[in-house]
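Just below is one structure, and these are the notes that go with it.
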Amino acid sequence: MKKVLVTGSNGFLASRFNEYYKDKYDILALSHKELDITNENQVYDFFKNNNIDIVFHSAAISDTGRCQREIELAKNINVDGTINIAKGCELNNSTLIFASSDQLYAGNEEEGPYKEDIILRPNNIYGDTKLEAEKEIKNILEKYYNLRLTWMFSYAERNKRVNTNIITNILNAALKGGKISLATNEYRGISYVYEVIENIEKLMNIPFGDYNFGSENDICTYDIGCSVLENLGLQNRIEDIIIKDTERFKNKKRDLRINNKKLRDNGIYFDNTGEAISRCIKEFNR
């Protein structure tokens, strides 16, 4: 049984990854309290004393607002911490799976969907740190997968972290009689977290490198929100729950859409965002 180290083990993606693969792999799930990735000596000692086959490195400050406010901390964790993990993988000859982000495409002038080989222009500190981390990984390792993940969604689950996501945001608004504002000028892939987790295992059969990793999508965020309500059988409440925001990103459309051709060419497929929403709601409402 292969041994898999998971960093940031309490996170939205990692906590579900750990549960999903607990019987298939020897999962060593560590939080920042158990492994300080910014401490080079501690990371070195850990890899020196543990035989790790695969590292799923998801530890990061992923809150974009916090990254803007705490730039040095974001760089320390997202970049320096990743360098330490990559050097540990080099020491152990471990394969690194790095949780990168579609935010790398956020500053591109041309419209998406974006392929992995375009010039990357992040427009926030979080995206900057992910791009720098990707570059450092390439300088250190040959055995790596940089996964450019999209915004992910799922229902709330017991003993697992819940991030704000398109489904929980809309459900909370529906239950509390509130409203949620969604932009008509924003386009992005939004992925079902369990489809992401299922496909991570398939990486072991494809070449190393950079991969867009999530759902493709060609409809705006407002229309995605409408689709969520339709799948919940609440289409008659769309105007009560969702504010149609036509002003945000009016001057320049926000486009984070990914192109998965490279992934498909290697036999890995994702539902589009609309299909993924339908699947998620069906699975949690059985």
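Chain lettering (A, B, ...) mirrors the order of the structure tokens, residue numbering begins at 1 for each chain separately, and ligand numbering begins at 1 in order of display.
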| query | Could you pull out the strand (DSSP E) residues of range 47-221 of chain A from DSSP and send them as an MDAnalysis selection string? | reply | chainID A and resid 54:57 95:101 144:149 151:153 180:183 186:187 190:192 209:213
Mind running range 1-51 of chain A against range 145-165 of chain A at 12 Å and telling me each contacting residue's nearest atom pair with the distance in Å (one decimal), counting only C-alpha atoms, chain and number ascending, as a tab-separated table?
```
residue	atom	partner	partner_atom	distance
A:Gly8	CA	A:Arg161	CA	11.3
A:Ser9	CA	A:Arg161	CA	9.9
A:Asn10	CA	A:Arg161	CA	6.6
A:Gly11	CA	A:Arg161	CA	5.9
A:Phe12	CA	A:Arg161	CA	4.9
A:Leu13	CA	A:Met152	CA	8.3
A:Ala14	CA	A:Arg161	CA	9.1
A:Ser15	CA	A:Lys160	CA	5.9
A:Arg16	CA	A:Lys160	CA	6.9
A:Phe17	CA	A:Lys160	CA	10.4
A:Asn18	CA	A:Lys160	CA	10.2
A:Glu19	CA	A:Lys160	CA	9.4
A:Tyr20	CA	A:Lys160	CA	11.9
```
| field | Shortest interatomic distance to Glu109 in chain A - which of A:Lys282, A:Arg254, A:Arg188, A:Lys130, counting only C-alpha atoms | value |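 Among the listed residues, the smallest separation from Glu109 in chain A belongs to A:Arg254.
You can rank A:Leu203, A:Ala174, A:Ile277, A:Leu229 by their closest distance to Asn217 in chain A using only C-alpha atoms, and at the top of that list sits A:Ile277.
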| request: Pick out the closest residue to Lys250 in chain A from this set: A:Asp128, A:Glu116, A:Glu186, A:Asp223. Count only C-alpha atoms. | output: A:Glu186
Per-residue DSSP, range 24-160 of chain A, filtered to helix (DSSP H, G or I), as a tab-separated table (two decimals) with C-alpha atoms, in the first residue's frame:
```
chain	number	residue	atom	x	y	z
A	40	GLU	CA	12.97	23.88	6.52
A	41	ASN	CA	14.71	21.73	9.14
A	42	GLN	CA	11.47	20.23	10.40
A	43	VAL	CA	10.37	19.34	6.88
A	44	TYR	CA	13.80	17.90	6.05
A	45	ASP	CA	13.78	15.76	9.20
A	46	PHE	CA	10.27	14.53	8.45
A	47	PHE	CA	11.17	13.30	4.97
A	48	LYS	CA	14.44	11.87	6.22
A	49	ASN	CA	12.56	9.73	8.74
A	64	THR	CA	-7.34	35.92	-1.60
A	65	GLY	CA	-8.27	38.83	0.65
A	66	ARG	CA	-5.99	37.65	3.42
A	67	CYS	CA	-3.15	37.18	0.94
A	68	GLN	CA	-3.56	40.82	-0.13
A	69	ARG	CA	-3.47	41.98	3.51
A	71	ILE	CA	1.68	39.52	1.76
A	72	GLU	CA	4.77	38.27	3.58
A	73	LEU	CA	2.84	35.51	5.36
A	74	ALA	CA	1.27	34.44	2.06
A	75	LYS	CA	4.69	34.22	0.43
A	76	ASN	CA	6.16	32.40	3.41
A	77	ILE	CA	3.49	29.69	3.41
A	78	ASN	CA	2.50	29.47	-0.25
A	79	VAL	CA	5.97	29.80	-1.77
A	80	ASP	CA	8.66	29.05	0.85
A	81	GLY	CA	6.58	26.25	2.37
A	82	THR	CA	6.10	24.69	-1.05
A	83	ILE	CA	9.83	24.91	-1.76
A	84	ASN	CA	10.51	23.02	1.47
A	85	ILE	CA	7.99	20.33	0.55
A	86	ALA	CA	9.46	20.01	-2.96
A	87	LYS	CA	12.96	19.61	-1.53
A	88	GLY	CA	11.61	16.94	0.82
A	89	CYS	CA	10.13	15.12	-2.17
A	90	GLU	CA	13.50	15.35	-3.91
A	91	LEU	CA	15.18	13.82	-0.87
A	92	ASN	CA	12.69	10.96	-0.78
A	102	ASP	CA	-6.95	28.92	-11.91
A	103	GLN	CA	-6.17	32.34	-10.41
A	104	LEU	CA	-3.00	32.17	-12.52
A	105	TYR	CA	-5.20	33.21	-15.46
A	125	ILE	CA	-1.07	38.08	-4.45
A	126	TYR	CA	-2.60	34.62	-4.10
A	127	GLY	CA	-2.18	33.97	-7.84
A	128	ASP	CA	1.34	35.41	-7.73
A	129	THR	CA	2.34	33.00	-4.96
A	130	LYS	CA	0.88	30.00	-6.76
A	131	LEU	CA	2.71	30.88	-9.97
A	132	GLU	CA	5.99	31.35	-8.12
A	133	ALA	CA	5.47	28.04	-6.31
A	134	GLU	CA	4.86	26.25	-9.62
A	135	LYS	CA	8.11	27.65	-11.02
A	136	GLU	CA	10.09	26.59	-7.94
A	137	ILE	CA	8.66	23.06	-8.12
A	138	LYS	CA	9.86	22.77	-11.73
A	139	ASN	CA	13.35	23.89	-10.70
A	140	ILE	CA	13.54	21.20	-8.01
```
| task | Compare A:Glu216, A:Asp53, A:Glu34, A:Glu201 by their minimum atom-to-atom distance to Asn260 in chain A, counting only C-alpha atoms, and give me the closest one. | result | A:Glu216
| Spatial neighbours of range 263-274 of chain A, 12 Å, only C-alpha atoms, chain gap at least 5 places, as a PyMOL selection string | chain A and resi 115-116+145+147-148+150-153+166-167+187-221+223-231+257-258+279-281
| message | So the first atom is CA of Asp240 in chain A and the second is CA of Asn285 in chain A; what is the distance between them in Å, to one decimal place? | response |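 Spanning CA of Asp240 in chain A to CA of Asn285 in chain A is a straight-line distance of 22.7 Å.
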| task | Excluding Gly177 in chain A and any residue of its chain fewer than 3 positions from it, enumerate the residues within 12 Å of it, using only C-alpha atoms, and give them as a ChimeraX atom specification. | result | /A:169-174,180,237,239-242
| All residues 6 Å or closer to Thr95 in chain A, only C-alpha atoms, same chain fewer than 6 positions away omitted, as a PyMOL selection string | chain A and resi 54+143-144
| said: I'd like the contact shell of Lys2 in chain A - 9 Å cut-off, only C-alpha atoms, skipping same-chain residues fewer than 3 positions apart - returned as a count of residues only. | reply: 7
| request: Rank A:Asn39, A:Ser278, A:Asn185, A:Ser94 by their smallest atom-to-atom distance to Phe249 in chain A, using only C-alpha atoms, and report the top residue only. | output: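 Nearest to Phe249 in chain A: A:Asn185.
The gap separating CA of Ser101 in chain A from CA of Asn123 in chain A is 12.5 Å, in Å to one decimal.
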